[in-house]
Amino acid sequence: IDQPITTQGGSITATTANTASLTTALIVNASLDTSPGTGGTLTVGGGVALNATPTVGLGDITLTGNGEDLMLGTLNFNTPTTFSAQRDIIVNGILTTTGLGSFLNLIADSDNNGIGGVLLTALGAINSSDSVLLQGSNLFVNPGQSVELNSGSSIIAAGDVSLIGNSGGTKLNINGDVTMSGTHLMSLTAEGITVGNGRTLNAGSGTIALDALGQAVALNSSNLTTSNATSNAINIQNASTVALCNINAVSGTLTLGALQNITGAVTQNVGTA
């Protein structure tokens with residue numbers, strides 16, 4: 001779709017049969033607009049590359065590519081937004097939400113078959129006025145990671161940040177910075193957690209919780225930062241081994257294995273904790 005479509009409140013439905021089993025059979029490069037009014041819903045299925053922000057008014061917008069993956073470019077939303085795909089969700093642009101309550105959820109492997117994850121490429125970023133959820137199992141395009149942030153990507157959120165690798169899936173691989181404001185929770189949960197050299201997880205005045213589901217936590221020479229002054233400022237648990245990084249909890253507490261034990265060695269890669 002390369003030309004704008006405006007319906008004056010009517011609904012828009014675009015569907016491709018995708019008989020050739022293309023990764024992206026429906027590509028949207030122009031605006032879709034069902035205003036004026038409110039109450040419409042946006043539904044985007046797999047096999048779609050969404051590169052222009054839809055305007056949802058009275059009418060619904062339904063996009064179906066009959067494929068397994070979802071490709072997202074630079075998009076802006078002022079309502080709560082959830083994208084799901086049977087396999088991978090790949091972010092190649094900047095996803096922005098504005099307004100109170102405008103959370104952003106990206107849920108891969110929606111059919112729970114263990115194949116599919118979330119990837120923020122070097123051009124990908126998220127800037128949310130509320131919470132952010134990224135959830136997957138095992139990237140098809142880069143197996144071995146459930147959620148992957150490439151170098152150059154970033155997440156900024158004014159609410160909770162949850163990066164989740166499904167149980168039985170693969171590790172989180174965080175090579176982009178994650179920044180959160182307010183007294184919220186930054187939660188990383190997966191079968192192993194790796195944070196790249198020089199990367200920063202900054203929870204503002206909130207808390208940071210890492211749960212490796214019995215696998216390794218490798219923080220390399222990254223930075224975990226919060227101004228939270230409570231006993232729950234930074235909590236790392238349920239890990240086989242932990243390699244610590246630069247920990248800056250100001251007057252708060254770093255807790256290791258509070259609810260579920262760390263079964264192996266705890267080492268310090270760099271800096272102080």
# chains A, B, ... in the order shown; residues from 1 in each chain; ligands from 1
$ residues_around --residues "A:Leu63" --least-positions-apart "3" --cutoff "9 Å" --atoms "only C-alpha atoms" --output "NGL selection string"
:A and (12-16 or 26 or 42-46 or 48)
$ write_last_selection --atoms "all heavy atoms" --output "short mmCIF file (atom, residue, chain, number, x, y, z; two decimals), in the first residue's frame"
data_model
loop_
_atom_site.label_atom_id
_atom_site.label_comp_id
_atom_site.auth_asym_id
_atom_site.auth_seq_id
_atom_site.Cartn_x
_atom_site.Cartn_y
_atom_site.Cartn_z
N ILE A 12 -11.20 -0.27 7.43
CA ILE A 12 -10.24 -0.67 6.40
C ILE A 12 -9.78 -2.09 6.69
O ILE A 12 -9.32 -2.38 7.80
CB ILE A 12 -9.02 0.27 6.35
CG1 ILE A 12 -9.44 1.70 5.98
CG2 ILE A 12 -7.98 -0.25 5.36
CD1 ILE A 12 -8.32 2.71 6.09
N THR A 13 -9.91 -2.97 5.71
CA THR A 13 -9.41 -4.34 5.83
C THR A 13 -8.54 -4.65 4.63
O THR A 13 -8.98 -4.51 3.48
CB THR A 13 -10.56 -5.36 5.91
OG1 THR A 13 -11.37 -5.08 7.06
CG2 THR A 13 -10.02 -6.77 6.02
N ALA A 14 -7.30 -5.04 4.89
CA ALA A 14 -6.38 -5.43 3.82
C ALA A 14 -5.83 -6.81 4.12
O ALA A 14 -5.24 -7.03 5.19
CB ALA A 14 -5.25 -4.42 3.69
N THR A 15 -6.04 -7.74 3.20
CA THR A 15 -5.64 -9.13 3.42
C THR A 15 -4.96 -9.67 2.16
O THR A 15 -5.40 -9.41 1.05
CB THR A 15 -6.86 -10.01 3.73
OG1 THR A 15 -7.53 -9.49 4.88
CG2 THR A 15 -6.45 -11.44 4.01
N THR A 16 -3.86 -10.38 2.36
CA THR A 16 -3.22 -11.07 1.24
C THR A 16 -3.29 -12.58 1.46
O THR A 16 -3.18 -13.05 2.59
CB THR A 16 -1.74 -10.66 1.10
OG1 THR A 16 -1.04 -11.01 2.30
CG2 THR A 16 -1.61 -9.17 0.87
N LEU A 26 2.32 -8.28 2.91
CA LEU A 26 1.57 -7.04 2.90
C LEU A 26 2.46 -5.93 3.47
O LEU A 26 2.84 -5.97 4.64
CB LEU A 26 0.29 -7.16 3.73
CG LEU A 26 -0.57 -5.91 3.87
CD1 LEU A 26 -1.02 -5.38 2.51
CD2 LEU A 26 -1.78 -6.18 4.77
N LEU A 42 -7.13 -1.41 16.04
CA LEU A 42 -6.09 -1.75 15.08
C LEU A 42 -5.68 -3.20 15.31
O LEU A 42 -5.29 -3.58 16.41
CB LEU A 42 -4.88 -0.84 15.25
CG LEU A 42 -3.62 -1.20 14.44
CD1 LEU A 42 -3.88 -1.05 12.95
CD2 LEU A 42 -2.43 -0.34 14.88
N THR A 43 -5.76 -4.02 14.27
CA THR A 43 -5.34 -5.41 14.35
C THR A 43 -4.35 -5.68 13.23
O THR A 43 -4.65 -5.48 12.06
CB THR A 43 -6.55 -6.36 14.20
OG1 THR A 43 -7.51 -6.05 15.21
CG2 THR A 43 -6.12 -7.81 14.35
N VAL A 44 -3.15 -6.12 13.63
CA VAL A 44 -2.09 -6.39 12.64
C VAL A 44 -1.61 -7.81 12.84
O VAL A 44 -1.17 -8.19 13.93
CB VAL A 44 -0.92 -5.40 12.81
CG1 VAL A 44 0.15 -5.68 11.76
CG2 VAL A 44 -1.40 -3.96 12.71
N GLY A 45 -1.68 -8.63 11.81
CA GLY A 45 -1.25 -10.01 11.89
C GLY A 45 0.12 -10.23 11.28
O GLY A 45 0.79 -9.29 10.83
N GLY A 46 0.57 -11.47 11.26
CA GLY A 46 1.86 -11.81 10.69
C GLY A 46 1.89 -11.62 9.19
O GLY A 46 0.85 -11.55 8.52
N VAL A 48 3.07 -8.93 7.80
CA VAL A 48 2.87 -7.51 7.52
C VAL A 48 4.14 -6.74 7.85
O VAL A 48 4.78 -6.97 8.88
CB VAL A 48 1.69 -6.94 8.35
CG1 VAL A 48 1.56 -5.43 8.15
CG2 VAL A 48 0.39 -7.64 7.98
#
$ residues_around --residues "stretch 220-222 of chain A" --least-positions-apart "3" --cutoff "12 Å" --atoms "only C-alpha atoms" --output "count of residues only"
32
$ residues_around --residues "stretch 84-88 of chain A" --least-positions-apart "5" --cutoff "10 Å" --atoms "only C-alpha atoms" --output "NGL selection string"
:A and (43-48 or 67-71 or 105-119 or 135-142 or 146-147)
$ select_by_dssp --residues "stretch 60-97 of chain A" --states "strand (DSSP E)" --output "ChimeraX atom specification"
/A:61-64,70-72,75-77,81-84,89-91,94-97
$ closest_atom_pairs --of "stretch 129-220 of chain A" --to "stretch 249-259 of chain A" --cutoff "10 Å" --atoms "only C-alpha atoms" --output "JSON lines"
{"residue": "A:Ala203", "atom": "CA", "partner": "A:Ala249", "partner_atom": "CA", "distance": 9.9}
{"residue": "A:Ser205", "atom": "CA", "partner": "A:Ala249", "partner_atom": "CA", "distance": 9.6}
{"residue": "A:Thr207", "atom": "CA", "partner": "A:Ala249", "partner_atom": "CA", "distance": 9.3}
{"residue": "A:Ile208", "atom": "CA", "partner": "A:Leu254", "partner_atom": "CA", "distance": 9.5}
{"residue": "A:Ala209", "atom": "CA", "partner": "A:Thr255", "partner_atom": "CA", "distance": 9.5}
{"residue": "A:Leu210", "atom": "CA", "partner": "A:Leu256", "partner_atom": "CA", "distance": 9.7}
{"residue": "A:Asp211", "atom": "CA", "partner": "A:Gly257", "partner_atom": "CA", "distance": 9.3}
$ write_last_selection --atoms "N, CA and C atoms" --output "compact mmCIF listing (two decimals), in the first residue's frame"
# COMPACT_ATOMS: atom_id res chain seq x y z
N ALA A 203 17.45 2.26 35.84
CA ALA A 203 16.06 2.16 36.30
C ALA A 203 15.55 3.44 36.93
N SER A 205 14.60 5.86 39.51
CA SER A 205 14.43 5.64 40.95
C SER A 205 13.67 4.34 41.21
N THR A 207 13.35 -0.11 40.54
CA THR A 207 14.11 -1.30 40.92
C THR A 207 14.43 -2.15 39.70
N ILE A 208 15.46 -3.00 39.84
CA ILE A 208 15.90 -3.90 38.77
C ILE A 208 15.84 -5.32 39.31
N ALA A 209 15.20 -6.23 38.56
CA ALA A 209 15.10 -7.63 38.96
C ALA A 209 15.53 -8.52 37.79
N LEU A 210 16.50 -9.41 38.04
CA LEU A 210 16.99 -10.35 37.04
C LEU A 210 16.72 -11.77 37.52
N ASP A 211 16.05 -12.57 36.69
CA ASP A 211 15.78 -13.97 37.00
C ASP A 211 16.21 -14.79 35.78
$ residues_around --residues "A:Asn78" --least-positions-apart "3" --cutoff "10 Å" --atoms "only C-alpha atoms" --output "PDB file with C-alpha atoms, in the first residue's frame"
ATOM      1  CA  THR A  55      -4.892   6.686  12.375  1.00  0.00           C
ATOM      2  CA  THR A  81      -0.710  -0.838  21.610  1.00  0.00           C
ATOM      3  CA  THR A  96       6.869   5.912  20.018  1.00  0.00           C
ATOM      4  CA  THR A  97       3.847   6.047  22.301  1.00  0.00           C
ATOM      5  CA  THR A  98       2.507   9.240  23.862  1.00  0.00           C
ATOM      6  CA  GLY A  99      -0.103   9.914  26.517  1.00  0.00           C
ATOM      7  CA  LEU A 100      -0.980   8.391  29.876  1.00  0.00           C
ATOM      8  CA  GLY A 101      -1.600   4.652  29.666  1.00  0.00           C
ATOM      9  CA  SER A 102      -0.146   4.241  26.175  1.00  0.00           C
ATOM     10  CA  PHE A 103       1.823   1.083  26.868  1.00  0.00           C
ATOM     11  CA  SER A 128       7.168   4.804  25.468  1.00  0.00           C
ATOM     12  CA  SER A 129       5.161   7.164  27.680  1.00  0.00           C
TER      13      SER A 129
END
$ atom_distance --atom1 "atom CA of A:Thr82" --atom2 "atom CA of A:Pro4"
23.1 Å
$ closest_residue --among "A:Asn66, A:Asn232, A:Thr79, A:Ser167" --to "A:Asp130" --atoms "only C-alpha atoms"
A:Thr79
$ atom_distance --atom1 "atom CA of A:Leu133" --atom2 "atom CA of A:Leu22"
27.2 Å
$ residues_around --residues "A:Ile5" --least-positions-apart "5" --cutoff "8 Å" --atoms "only C-alpha atoms" --output "JSON, numbers by chain"
{"A": [30, 31, 32, 33]}
$ write_last_selection --atoms "N, CA and C atoms" --output "PDB file, in the first residue's frame"
ATOM      1  N   ALA A  30       2.079   3.804   3.413  1.00  0.00           N
ATOM      2  CA  ALA A  30       1.296   5.042   3.392  1.00  0.00           C
ATOM      3  C   ALA A  30       0.262   5.003   4.514  1.00  0.00           C
ATOM      4  N   SER A  31      -0.282   6.175   4.848  1.00  0.00           N
ATOM      5  CA  SER A  31      -1.186   6.290   5.986  1.00  0.00           C
ATOM      6  C   SER A  31      -2.544   5.658   5.691  1.00  0.00           C
ATOM      7  N   LEU A  32      -3.104   5.036   6.723  1.00  0.00           N
ATOM      8  CA  LEU A  32      -4.461   4.503   6.703  1.00  0.00           C
ATOM      9  C   LEU A  32      -5.237   5.256   7.777  1.00  0.00           C
ATOM     10  N   ASP A  33      -6.404   5.833   7.429  1.00  0.00           N
ATOM     11  CA  ASP A  33      -7.079   6.769   8.329  1.00  0.00           C
ATOM     12  C   ASP A  33      -8.573   6.474   8.359  1.00  0.00           C
TER      13      ASP A  33
END
$ residues_around --residues "A:Val91" --least-positions-apart "4" --cutoff "9 Å" --atoms "only C-alpha atoms" --output "list in words"
Leu70, Met71, Leu72, Gly73, Thr74, Leu95, Val118, Leu119, Leu120, Thr121, Leu123, Gly124, Ala125 and Ile126 of chain A
$ closest_residue --among "A:Ser11, A:Ser154, A:Asn127, A:Thr179" --to "A:Asn223" --atoms "only C-alpha atoms"
A:Thr179
$ closest_residue --among "A:Leu213, A:Ala229, A:Leu224, A:Ile90" --to "A:Ser153" --atoms "only C-alpha atoms"
A:Ile90
